[in-house]
Protein chains: 2
Amino acid sequence: MKEIKGGITAAKGFKAASTAAGIKYQGRTDMAMVYSEKPCVSAGTFTSNVVKAACVQWDMNIVNANKPIQAVVINSGIANACTGKEGFDACEATARGVEKTLSIPYDSVAVASTGVIGMQLPVDKLVAGVEAMAPKLDDSIEAGTDASKAIMTTDTVNKEIAVEFEIGGKTVTLGGMSKGSGMIHPNMCTMLAFLGTDIDIEKSLLQEAVSEVVADSFNMITVDGDTSTNDTLICMANGLAGNPKISSKGADFDTFKEALKFVCTDLAKRMAADGEGASKLFEAKVVNAKSVADAKTLSRAIVGSNLSKAAIFGCDANFGRFLCAMGYSGADFDQNDVELFFESVNGRLQVFDKGTPIVFDEDEALKIMKADAVTVFVDMHEGDAEATAWGCDLTYDYVKINADYRS
Amino acid sequence: MKEIKGGITAAKGFKAASTAAGIKYQGRTDMAMVYSEKPCVSAGTFTSNVVKAACVQWDMNIVNANKPIQAVVINSGIANACTGKEGFDACEATARGVEKTLSIPYDSVAVASTGVIGMQLPVDKLVAGVEAMAPKLDDSIEAGTDASKAIMTTDTVNKEIAVEFEIGGKTVTLGGMSKGSGMIHPNMCTMLAFLGTDIDIEKSLLQEAVSEVVADSFNMITVDGDTSTNDTLICMANGLAGNPKISSKGADFDTFKEALKFVCTDLAKRMAADGEGASKLFEAKVVNAKSVADAKTLSRAIVGSNLSKAAIFGCDANFGRFLCAMGYSGADFDQNDVELFFESVNGRLQVFDKGTPIVFDEDEALKIMKADAVTVFVDMHEGDAEATAWGCDLTYDYVKINADYRS
């Protein structure tokens, strides 16, 4: 497997377009469309939030009915959540617009929204946006990149990646894009992520691979502990790579899953590092835990704690906050088993040794914590399970961004 | 029942003292002692955090063994958590110091600490502090107020209250003090709270009243979602009021519980309003929920959400964030049943009506949200249970306070 240039348009048969539809933002693109020449088997993971956005309900209906997906239309600015029947009607109007302009069935069109909750979408602008994008659909790298920019809200950088790998002598490509960067605490999925691949694979295996990989990638990041109403990941596979179809588990399935994990982990980490107001990536790696569930619970608690996040922002090696977060996480353990280290490109430093604080060099700690990515490494000494979670620091800018988001 | 002046020294037989022991802070008092002329039956609630501070373990040993408590020694600046055997030895040294100076058994002395985790306490300064405070013990209102100031960390105001009520023709008094104001997300208890009463009551009934009241008061507040390693509430009852001893449930028990609830709710709300960096009290009241458990889960999720808290800071009526928090709280409900209102001394405004957003007057919303205390009122229309939770807004100052707490 190797990383290649591009994103959602990297795989054969995938095209993208974007436009400035004036949904809410002015002076920038705010709608994107992804289209596959051939209908795709699709897998999806969606928010576990009880309050699901209208578009999440729309997409779940399609994916759960095993219907093929051929296009996805995304808008940024308004989330279409808490919008009642009018919100659901906006999804259908969008899909009908695509049916009319591209002559594909309206129920093969997924829709996704991100932005303010509790505001209705301007349907006329959505449909006009679809009509503007349809003739511009293009399979260039640039078209994919532009789409990844159009779906941004408070993101400061766009997020896309693509990889190539071989299956049965054929080159298979997988590309994707995602966006953050607030209300990020995925539970079953992330904010918005779209993956396109030309692999030929059974739908049930695609869904299995996606669900498994999402649990270890997107579901292991947090920005603010707020699980969105709109979290959506859709993976489309159109089969144009011409590989021998994957219809059972085995080496080919594993090869695909490995590529999928690489792509999802990369996108997830970029979302964490670009969390609202973030100045750095904050990673927690827990090893030798009693179970994977415990390791996940502990690592997520560390990167999710406001006090831990503020300490990372201040480059303050206040390790007691990490132990405190582990302690209230719900996982059971004995603090007298635990070792805790700080790590970054600038070095590694132990600060807690099985129940007892270590008197450490503050200058050394500061040097390590000043890096752009800081890891809290925890050895539980209670088993052999491990997990890694990713978050970001809590900064003044997070407050600034969210104290007046709607205006 | 009526509120009276004073705090921890209000009830008969209770004395307090404080001193500047130089534990960590300079130029202010940082140790307090509470003493009862007569040994007390005591009840306590302690942190549910797996990583319990040494002093929490010390106090739990006393309370769980049904031993009387006659004194409590508290220090601020260092939490004595994650400190191993040395930390536990510091508790014993403190208690032995009290035994020596006041001639009471060392195992009738509770200890409590608050401050930085993972740092050892200077035992010599602790013991010197005890020796300095013992001769100054005084039953004046001022001595109690001074004690409530000595236990503050990032609190901006001290918190104390006292009430009087009648039982069997005798006047009974209950006074208390507490401190916040970060790492506040009590689970079984709050950060530090001490209550003294001259009521005569069976220990088991005292514990039952305390546990029940704490669940609806201190356990319903959150500042930052971080459940401390040190949360401790101790209620001491010395019996000096001379009331007919409460040895069974009934009208007298209910009278006491009502007074206890008034005192605990007042202290809890003051802790929330004085949360680190807070500019206002943020209350969520959920009514007509399916169960009390659901109502508590929903109301706590609303005041616990970073995005909700930032919106409250910005006076932004971004109600979708509250619905989002309710949605990921774990409680099951249908958004099409829900009505949501903003309330404050400046008015009341409905913004969401059973699944559909209401177009509301932004100026009216701003006026309501500019108050010092803002309530999000949610009618679930699914049952008859209700609960109220209290928190505070998320501000620049929260980040500032916590980005470099140790220095």
# chains A, B, ... in the order shown; residues from 1 in each chain; ligands from 1

call {"tool": "interface_residues", "arguments": {"of": "chain A", "to": "chain B", "cutoff": "6 Å", "atoms": "only C-alpha atoms", "output": "PDB file with all heavy atoms, in the first residue's frame"}}
result
ATOM      1  N   ASN A  49     -26.344   9.820  18.525  1.00  0.00           N
ATOM      2  CA  ASN A  49     -27.177  10.820  19.189  1.00  0.00           C
ATOM      3  C   ASN A  49     -28.652  10.521  18.920  1.00  0.00           C
ATOM      4  O   ASN A  49     -29.046  10.260  17.788  1.00  0.00           O
ATOM      5  CB  ASN A  49     -26.802  12.214  18.675  1.00  0.00           C
ATOM      6  CG  ASN A  49     -27.305  13.327  19.575  1.00  0.00           C
ATOM      7  OD1 ASN A  49     -28.468  13.351  19.952  1.00  0.00           O
ATOM      8  ND2 ASN A  49     -26.425  14.244  19.932  1.00  0.00           N
ATOM      9  N   VAL A  50     -29.472  10.553  19.981  1.00  0.00           N
ATOM     10  CA  VAL A  50     -30.911  10.306  19.835  1.00  0.00           C
ATOM     11  C   VAL A  50     -31.544  11.366  18.939  1.00  0.00           C
ATOM     12  O   VAL A  50     -32.484  11.096  18.197  1.00  0.00           O
ATOM     13  CB  VAL A  50     -31.586  10.314  21.231  1.00  0.00           C
ATOM     14  CG1 VAL A  50     -33.094  10.306  21.095  1.00  0.00           C
ATOM     15  CG2 VAL A  50     -31.113   9.128  22.055  1.00  0.00           C
ATOM     16  N   VAL A  51     -31.014  12.583  19.029  1.00  0.00           N
ATOM     17  CA  VAL A  51     -31.495  13.659  18.163  1.00  0.00           C
ATOM     18  C   VAL A  51     -30.695  13.608  16.863  1.00  0.00           C
ATOM     19  O   VAL A  51     -29.615  14.164  16.753  1.00  0.00           O
ATOM     20  CB  VAL A  51     -31.331  15.031  18.854  1.00  0.00           C
ATOM     21  CG1 VAL A  51     -31.805  16.149  17.942  1.00  0.00           C
ATOM     22  CG2 VAL A  51     -32.098  15.056  20.161  1.00  0.00           C
ATOM     23  N   CYS A  82     -32.978  19.127  14.137  1.00  0.00           N
ATOM     24  CA  CYS A  82     -34.072  19.740  14.914  1.00  0.00           C
ATOM     25  C   CYS A  82     -34.945  20.595  14.012  1.00  0.00           C
ATOM     26  O   CYS A  82     -35.329  21.720  14.364  1.00  0.00           O
ATOM     27  CB  CYS A  82     -33.541  20.581  16.083  1.00  0.00           C
ATOM     28  SG  CYS A  82     -32.530  19.630  17.234  1.00  0.00           S
ATOM     29  N   THR A  83     -35.249  20.079  12.845  1.00  0.00           N
ATOM     30  CA  THR A  83     -35.984  20.856  11.843  1.00  0.00           C
ATOM     31  C   THR A  83     -37.292  20.197  11.428  1.00  0.00           C
ATOM     32  O   THR A  83     -37.960  20.666  10.488  1.00  0.00           O
ATOM     33  CB  THR A  83     -35.111  21.062  10.584  1.00  0.00           C
ATOM     34  OG1 THR A  83     -34.532  19.805  10.230  1.00  0.00           O
ATOM     35  CG2 THR A  83     -34.008  22.068  10.845  1.00  0.00           C
ATOM     36  N   GLY A  84     -37.660  19.098  12.088  1.00  0.00           N
ATOM     37  CA  GLY A  84     -38.968  18.486  11.845  1.00  0.00           C
ATOM     38  C   GLY A  84     -39.174  18.019  10.407  1.00  0.00           C
ATOM     39  O   GLY A  84     -38.209  17.724   9.685  1.00  0.00           O
ATOM     40  N   ILE A 117     -27.564  24.092  14.256  1.00  0.00           N
ATOM     41  CA  ILE A 117     -28.726  23.246  14.519  1.00  0.00           C
ATOM     42  C   ILE A 117     -29.945  24.136  14.740  1.00  0.00           C
ATOM     43  O   ILE A 117     -29.823  25.238  15.256  1.00  0.00           O
ATOM     44  CB  ILE A 117     -28.479  22.393  15.775  1.00  0.00           C
ATOM     45  CG1 ILE A 117     -27.262  21.493  15.573  1.00  0.00           C
ATOM     46  CG2 ILE A 117     -29.691  21.566  16.148  1.00  0.00           C
ATOM     47  CD1 ILE A 117     -26.846  20.752  16.838  1.00  0.00           C
ATOM     48  N   GLY A 118     -31.114  23.643  14.335  1.00  0.00           N
ATOM     49  CA  GLY A 118     -32.351  24.359  14.658  1.00  0.00           C
ATOM     50  C   GLY A 118     -32.671  25.487  13.703  1.00  0.00           C
ATOM     51  O   GLY A 118     -33.348  26.442  14.077  1.00  0.00           O
ATOM     52  N   THR A 229     -25.298  15.742  16.266  1.00  0.00           N
ATOM     53  CA  THR A 229     -26.539  15.215  15.698  1.00  0.00           C
ATOM     54  C   THR A 229     -26.359  14.765  14.262  1.00  0.00           C
ATOM     55  O   THR A 229     -27.262  14.170  13.684  1.00  0.00           O
ATOM     56  CB  THR A 229     -27.599  16.342  15.676  1.00  0.00           C
ATOM     57  OG1 THR A 229     -27.010  17.504  15.075  1.00  0.00           O
ATOM     58  CG2 THR A 229     -28.059  16.688  17.081  1.00  0.00           C
ATOM     59  N   ALA A 310      -6.515  21.761  28.920  1.00  0.00           N
ATOM     60  CA  ALA A 310      -5.996  23.089  29.258  1.00  0.00           C
ATOM     61  C   ALA A 310      -4.518  22.991  29.659  1.00  0.00           C
ATOM     62  O   ALA A 310      -3.713  23.864  29.329  1.00  0.00           O
ATOM     63  CB  ALA A 310      -6.816  23.727  30.369  1.00  0.00           C
ATOM     64  N   ALA A 311      -4.154  21.909  30.346  1.00  0.00           N
ATOM     65  CA  ALA A 311      -2.748  21.717  30.733  1.00  0.00           C
ATOM     66  C   ALA A 311      -1.875  21.533  29.489  1.00  0.00           C
ATOM     67  O   ALA A 311      -0.756  22.043  29.422  1.00  0.00           O
ATOM     68  CB  ALA A 311      -2.607  20.515  31.664  1.00  0.00           C
ATOM     69  N   PHE A 313      -2.483  22.763  26.556  1.00  0.00           N
ATOM     70  CA  PHE A 313      -2.386  24.107  25.955  1.00  0.00           C
ATOM     71  C   PHE A 313      -1.297  24.912  26.654  1.00  0.00           C
ATOM     72  O   PHE A 313      -0.472  25.570  26.015  1.00  0.00           O
ATOM     73  CB  PHE A 313      -3.738  24.820  26.064  1.00  0.00           C
ATOM     74  CG  PHE A 313      -3.714  26.260  25.651  1.00  0.00           C
ATOM     75  CD1 PHE A 313      -3.176  26.658  24.432  1.00  0.00           C
ATOM     76  CD2 PHE A 313      -4.248  27.253  26.476  1.00  0.00           C
ATOM     77  CE1 PHE A 313      -3.164  27.992  24.044  1.00  0.00           C
ATOM     78  CE2 PHE A 313      -4.237  28.593  26.098  1.00  0.00           C
ATOM     79  CZ  PHE A 313      -3.689  28.965  24.880  1.00  0.00           C
ATOM     80  N   GLY A 314      -1.251  24.847  27.977  1.00  0.00           N
ATOM     81  CA  GLY A 314      -0.289  25.631  28.743  1.00  0.00           C
ATOM     82  C   GLY A 314       1.076  24.976  28.864  1.00  0.00           C
ATOM     83  O   GLY A 314       1.944  25.473  29.569  1.00  0.00           O
ATOM     84  N   ASP A 316       1.858  22.509  30.535  1.00  0.00           N
ATOM     85  CA  ASP A 316       2.020  22.293  31.969  1.00  0.00           C
ATOM     86  C   ASP A 316       1.969  20.782  32.239  1.00  0.00           C
ATOM     87  O   ASP A 316       0.953  20.149  31.997  1.00  0.00           O
ATOM     88  CB  ASP A 316       0.879  23.016  32.701  1.00  0.00           C
ATOM     89  CG  ASP A 316       0.926  22.825  34.210  1.00  0.00           C
ATOM     90  OD1 ASP A 316       1.925  22.282  34.714  1.00  0.00           O
ATOM     91  OD2 ASP A 316      -0.044  23.223  34.874  1.00  0.00           O
ATOM     92  N   GLY A 320      -1.267  14.923  37.280  1.00  0.00           N
ATOM     93  CA  GLY A 320      -2.346  14.500  38.170  1.00  0.00           C
ATOM     94  C   GLY A 320      -3.707  14.578  37.491  1.00  0.00           C
ATOM     95  O   GLY A 320      -4.609  13.793  37.773  1.00  0.00           O
ATOM     96  N   CYS A 324      -6.449  11.701  37.321  1.00  0.00           N
ATOM     97  CA  CYS A 324      -7.802  12.007  37.790  1.00  0.00           C
ATOM     98  C   CYS A 324      -8.823  11.586  36.736  1.00  0.00           C
ATOM     99  O   CYS A 324      -9.828  10.940  37.044  1.00  0.00           O
ATOM    100  CB  CYS A 324      -7.907  13.499  38.089  1.00  0.00           C
ATOM    101  SG  CYS A 324      -9.565  14.031  38.554  1.00  0.00           S
ATOM    102  N   GLY A 327      -9.248   8.007  36.582  1.00  0.00           N
ATOM    103  CA  GLY A 327      -9.948   7.547  37.776  1.00  0.00           C
ATOM    104  C   GLY A 327     -11.454   7.661  37.688  1.00  0.00           C
ATOM    105  O   GLY A 327     -12.182   6.846  38.247  1.00  0.00           O
ATOM    106  N   TYR A 328     -11.955   8.694  36.989  1.00  0.00           N
ATOM    107  CA  TYR A 328     -13.411   8.833  36.879  1.00  0.00           C
ATOM    108  C   TYR A 328     -13.943   8.256  35.579  1.00  0.00           C
ATOM    109  O   TYR A 328     -15.135   8.363  35.296  1.00  0.00           O
ATOM    110  CB  TYR A 328     -13.872  10.282  37.076  1.00  0.00           C
ATOM    111  CG  TYR A 328     -13.451  11.299  36.035  1.00  0.00           C
ATOM    112  CD1 TYR A 328     -13.931  11.256  34.727  1.00  0.00           C
ATOM    113  CD2 TYR A 328     -12.613  12.351  36.362  1.00  0.00           C
ATOM    114  CE1 TYR A 328     -13.567  12.201  33.784  1.00  0.00           C
ATOM    115  CE2 TYR A 328     -12.239  13.302  35.428  1.00  0.00           C
ATOM    116  CZ  TYR A 328     -12.721  13.224  34.140  1.00  0.00           C
ATOM    117  OH  TYR A 328     -12.361  14.157  33.218  1.00  0.00           O
ATOM    118  N   GLY A 355       2.116   4.667  41.655  1.00  0.00           N
ATOM    119  CA  GLY A 355       1.549   5.233  42.885  1.00  0.00           C
ATOM    120  C   GLY A 355       2.287   6.430  43.429  1.00  0.00           C
ATOM    121  O   GLY A 355       1.785   7.118  44.314  1.00  0.00           O
ATOM    122  N   THR A 356       3.483   6.690  42.915  1.00  0.00           N
ATOM    123  CA  THR A 356       4.307   7.751  43.501  1.00  0.00           C
ATOM    124  C   THR A 356       4.756   8.752  42.439  1.00  0.00           C
ATOM    125  O   THR A 356       5.199   8.346  41.365  1.00  0.00           O
ATOM    126  CB  THR A 356       5.560   7.144  44.162  1.00  0.00           C
ATOM    127  OG1 THR A 356       5.141   6.105  45.053  1.00  0.00           O
ATOM    128  CG2 THR A 356       6.330   8.188  44.942  1.00  0.00           C
ATOM    129  N   PRO A 357       4.630  10.048  42.734  1.00  0.00           N
ATOM    130  CA  PRO A 357       5.108  11.041  41.768  1.00  0.00           C
ATOM    131  C   PRO A 357       6.627  11.040  41.680  1.00  0.00           C
ATOM    132  O   PRO A 357       7.301  10.795  42.675  1.00  0.00           O
ATOM    133  CB  PRO A 357       4.598  12.370  42.347  1.00  0.00           C
ATOM    134  CG  PRO A 357       4.377  12.119  43.801  1.00  0.00           C
ATOM    135  CD  PRO A 357       4.032  10.660  43.940  1.00  0.00           C
ATOM    136  N   TYR A 396      -8.096  29.527  24.328  1.00  0.00           N
ATOM    137  CA  TYR A 396      -8.976  30.696  24.304  1.00  0.00           C
ATOM    138  C   TYR A 396      -9.818  30.703  23.036  1.00  0.00           C
ATOM    139  O   TYR A 396     -10.986  31.067  23.044  1.00  0.00           O
ATOM    140  CB  TYR A 396      -8.141  31.983  24.348  1.00  0.00           C
ATOM    141  CG  TYR A 396      -7.276  32.104  25.573  1.00  0.00           C
ATOM    142  CD1 TYR A 396      -5.899  32.106  25.494  1.00  0.00           C
ATOM    143  CD2 TYR A 396      -7.875  32.217  26.831  1.00  0.00           C
ATOM    144  CE1 TYR A 396      -5.122  32.211  26.628  1.00  0.00           C
ATOM    145  CE2 TYR A 396      -7.102  32.326  27.975  1.00  0.00           C
ATOM    146  CZ  TYR A 396      -5.721  32.318  27.863  1.00  0.00           C
ATOM    147  OH  TYR A 396      -4.953  32.423  28.991  1.00  0.00           O
ATOM    148  N   VAL A 399     -13.145  28.876  23.048  1.00  0.00           N
ATOM    149  CA  VAL A 399     -14.214  29.657  23.684  1.00  0.00           C
ATOM    150  C   VAL A 399     -14.692  30.744  22.732  1.00  0.00           C
ATOM    151  O   VAL A 399     -15.888  30.952  22.531  1.00  0.00           O
ATOM    152  CB  VAL A 399     -13.735  30.268  25.012  1.00  0.00           C
ATOM    153  CG1 VAL A 399     -14.839  31.097  25.646  1.00  0.00           C
ATOM    154  CG2 VAL A 399     -13.269  29.170  25.969  1.00  0.00           C
ATOM    155  N   ASN A 402     -16.862  29.470  19.926  1.00  0.00           N
ATOM    156  CA  ASN A 402     -18.163  28.921  20.304  1.00  0.00           C
ATOM    157  C   ASN A 402     -19.040  29.845  21.135  1.00  0.00           C
ATOM    158  O   ASN A 402     -20.211  29.531  21.376  1.00  0.00           O
ATOM    159  CB  ASN A 402     -17.967  27.597  21.034  1.00  0.00           C
ATOM    160  CG  ASN A 402     -17.548  26.527  20.046  1.00  0.00           C
ATOM    161  OD1 ASN A 402     -18.271  26.257  19.111  1.00  0.00           O
ATOM    162  ND2 ASN A 402     -16.358  25.977  20.231  1.00  0.00           N
ATOM    163  N   ALA A 403     -18.492  30.950  21.584  1.00  0.00           N
ATOM    164  CA  ALA A 403     -19.312  31.868  22.381  1.00  0.00           C
ATOM    165  C   ALA A 403     -20.252  32.656  21.482  1.00  0.00           C
ATOM    166  O   ALA A 403     -21.255  33.185  21.923  1.00  0.00           O
ATOM    167  CB  ALA A 403     -18.425  32.816  23.186  1.00  0.00           C
ATOM    168  N   ASP A 404     -19.951  32.727  20.205  1.00  0.00           N
ATOM    169  CA  ASP A 404     -20.862  33.450  19.320  1.00  0.00           C
ATOM    170  C   ASP A 404     -20.814  32.834  17.931  1.00  0.00           C
ATOM    171  O   ASP A 404     -20.501  33.487  16.942  1.00  0.00           O
ATOM    172  CB  ASP A 404     -20.500  34.934  19.262  1.00  0.00           C
ATOM    173  CG  ASP A 404     -21.644  35.749  18.701  1.00  0.00           C
ATOM    174  OD1 ASP A 404     -22.760  35.205  18.592  1.00  0.00           O
ATOM    175  OD2 ASP A 404     -21.426  36.926  18.373  1.00  0.00           O
TER     176      ASP A 404
END

call {"tool": "residues_around", "arguments": {"residues": "Phe165 (chain A)", "least_positions_apart": "2", "cutoff": "6 Å", "atoms": "only C-alpha atoms", "output": "PyMOL selection string"}}
result
chain A and resi 1+171-172

call {"tool": "write_last_selection", "arguments": {"atoms": "all heavy atoms", "output": "PDB file, in the first residue's frame"}}
result
ATOM      1  N   MET A   1       0.838  -1.206   0.000  1.00  0.00           N
ATOM      2  CA  MET A   1       0.000   0.000   0.000  1.00  0.00           C
ATOM      3  C   MET A   1       0.868   1.249   0.000  1.00  0.00           C
ATOM      4  O   MET A   1       1.861   1.310   0.705  1.00  0.00           O
ATOM      5  CB  MET A   1      -0.874   0.007   1.270  1.00  0.00           C
ATOM      6  CG  MET A   1      -1.853   1.161   1.304  1.00  0.00           C
ATOM      7  SD  MET A   1      -2.613   1.333   2.948  1.00  0.00           S
ATOM      8  CE  MET A   1      -1.225   1.906   3.920  1.00  0.00           C
ATOM      9  N   THR A 171      -4.678  -2.813  -9.442  1.00  0.00           N
ATOM     10  CA  THR A 171      -4.477  -1.677  -8.549  1.00  0.00           C
ATOM     11  C   THR A 171      -5.834  -1.157  -8.073  1.00  0.00           C
ATOM     12  O   THR A 171      -6.706  -0.852  -8.896  1.00  0.00           O
ATOM     13  CB  THR A 171      -3.738  -0.539  -9.282  1.00  0.00           C
ATOM     14  OG1 THR A 171      -2.449  -1.021  -9.683  1.00  0.00           O
ATOM     15  CG2 THR A 171      -3.561   0.669  -8.359  1.00  0.00           C
ATOM     16  N   VAL A 172      -5.973  -1.106  -6.772  1.00  0.00           N
ATOM     17  CA  VAL A 172      -7.208  -0.593  -6.179  1.00  0.00           C
ATOM     18  C   VAL A 172      -6.886   0.730  -5.492  1.00  0.00           C
ATOM     19  O   VAL A 172      -5.808   0.878  -4.898  1.00  0.00           O
ATOM     20  CB  VAL A 172      -7.786  -1.591  -5.146  1.00  0.00           C
ATOM     21  CG1 VAL A 172      -9.057  -1.033  -4.509  1.00  0.00           C
ATOM     22  CG2 VAL A 172      -8.054  -2.936  -5.805  1.00  0.00           C
TER      23      VAL A 172
END

call {"tool": "residues_around", "arguments": {"residues": "Ala20 (chain B)", "least_positions_apart": "6", "cutoff": "8 Å", "atoms": "only C-alpha atoms", "output": "PyMOL selection string"}}
result
chain B and resi 26-31+129

call {"tool": "write_last_selection", "arguments": {"atoms": "N, CA, C and O atoms", "output": "JSON list (two decimals), in the first residue's frame"}}
result
[["chain", "number", "residue", "atom", "x", "y", "z"],
["B", 26, "GLN", "N", 1.26, 31.77, 49.29],
["B", 26, "GLN", "CA", 1.93, 32.71, 50.18],
["B", 26, "GLN", "C", 1.01, 33.90, 50.40],
["B", 26, "GLN", "O", 0.24, 34.26, 49.52],
["B", 27, "GLY", "N", 1.09, 34.50, 51.58],
["B", 27, "GLY", "CA", 0.35, 35.73, 51.82],
["B", 27, "GLY", "C", -1.14, 35.55, 52.01],
["B", 27, "GLY", "O", -1.90, 36.50, 51.87],
["B", 28, "ARG", "N", -1.57, 34.32, 52.33],
["B", 28, "ARG", "CA", -2.99, 34.10, 52.62],
["B", 28, "ARG", "C", -3.11, 32.89, 53.53],
["B", 28, "ARG", "O", -2.18, 32.09, 53.65],
["B", 29, "THR", "N", -4.28, 32.75, 54.18],
["B", 29, "THR", "CA", -4.51, 31.56, 55.00],
["B", 29, "THR", "C", -4.70, 30.35, 54.08],
["B", 29, "THR", "O", -5.23, 30.47, 52.98],
["B", 30, "ASP", "N", -4.24, 29.21, 54.54],
["B", 30, "ASP", "CA", -4.35, 28.00, 53.71],
["B", 30, "ASP", "C", -4.62, 26.74, 54.55],
["B", 30, "ASP", "O", -4.57, 25.63, 54.02],
["B", 31, "MET", "N", -4.88, 26.92, 55.84],
["B", 31, "MET", "CA", -5.30, 25.79, 56.67],
["B", 31, "MET", "C", -6.48, 26.21, 57.54],
["B", 31, "MET", "O", -6.55, 27.36, 57.98],
["B", 129, "GLY", "N", 0.97, 24.11, 61.58],
["B", 129, "GLY", "CA", -0.32, 24.78, 61.37],
["B", 129, "GLY", "C", -1.34, 24.34, 62.40],
["B", 129, "GLY", "O", -2.10, 25.16, 62.93]]

call {"tool": "closest_residue", "arguments": {"among": "A:Ile201, A:Met380, A:Met220, A:Met271", "to": "Asn243 (chain A)", "atoms": "only C-alpha atoms"}}
result
A:Ile201

call {"tool": "closest_residue", "arguments": {"among": "B:Ala11, B:Leu298, B:Leu137, B:Ile4", "to": "Asn238 (chain B)", "atoms": "only C-alpha atoms"}}
result
B:Ala11

call {"tool": "residues_around", "arguments": {"residues": "region 262-266 of chain A", "least_positions_apart": "4", "cutoff": "12 Å", "atoms": "only C-alpha atoms", "output": "ChimeraX atom specification"}}
result
/A:1-4,7-8,159-165,173-178,189-190,192-197,209-221,233-235,255-258,270-273,388-390

call {"tool": "select_by_dssp", "arguments": {"residues": "region 184-323 of chain B", "states": "alpha helix (DSSP H)", "output": "MDAnalysis selection string"}}
result
chainID B and resid 203:216 251:273 292:304 306:313 320:323

call {"tool": "select_by_dssp", "arguments": {"residues": "region 99-252 of chain A", "states": "strand (DSSP E or B)", "output": "PyMOL selection string"}}
result
chain A and resi 109-116+138+159-167+170-179+192-197+201+221+232-237+246

call {"tool": "residues_around", "arguments": {"residues": "Ala293 (chain B)", "least_positions_apart": "4", "cutoff": "10 Å", "atoms": "only C-alpha atoms", "output": "tab-separated table (two decimals) with N, CA and C atoms, in the first residue's frame"}}
result
chain	number	residue	atom	x	y	z
B	289	ALA	N	-40.34	14.37	32.45
B	289	ALA	CA	-39.52	13.30	31.86
B	289	ALA	C	-40.09	11.94	32.28
B	297	THR	N	-30.18	12.84	34.05
B	297	THR	CA	-29.24	12.65	32.94
B	297	THR	C	-29.34	13.79	31.94
B	298	LEU	N	-30.55	14.14	31.58
B	298	LEU	CA	-30.77	15.20	30.59
B	298	LEU	C	-30.31	16.56	31.11
B	331	ALA	N	-30.12	9.24	27.65
B	331	ALA	CA	-31.57	9.11	27.88
B	331	ALA	C	-32.26	8.98	26.52
B	385	ALA	N	-41.66	13.17	35.81
B	385	ALA	CA	-40.47	13.32	36.64
B	385	ALA	C	-39.72	14.60	36.28
B	386	GLU	N	-39.03	15.16	37.27
B	386	GLU	CA	-38.26	16.37	36.98
B	386	GLU	C	-36.94	16.39	37.75
B	387	ALA	N	-36.02	17.21	37.27
B	387	ALA	CA	-34.72	17.39	37.95
B	387	ALA	C	-34.13	18.71	37.50

call {"tool": "atom_distance", "arguments": {"atom1": "CA of Thr45 (chain A)", "atom2": "CA of Ala32 (chain A)"}}
result
19.9 Å

call {"tool": "atom_distance", "arguments": {"atom1": "CA of Lys125 (chain A)", "atom2": "CA of Ala21 (chain A)"}}
result
6.0 Å

call {"tool": "atom_distance", "arguments": {"atom1": "CA of Gly6 (chain A)", "atom2": "CA of Ala143 (chain A)"}}
result
9.4 Å
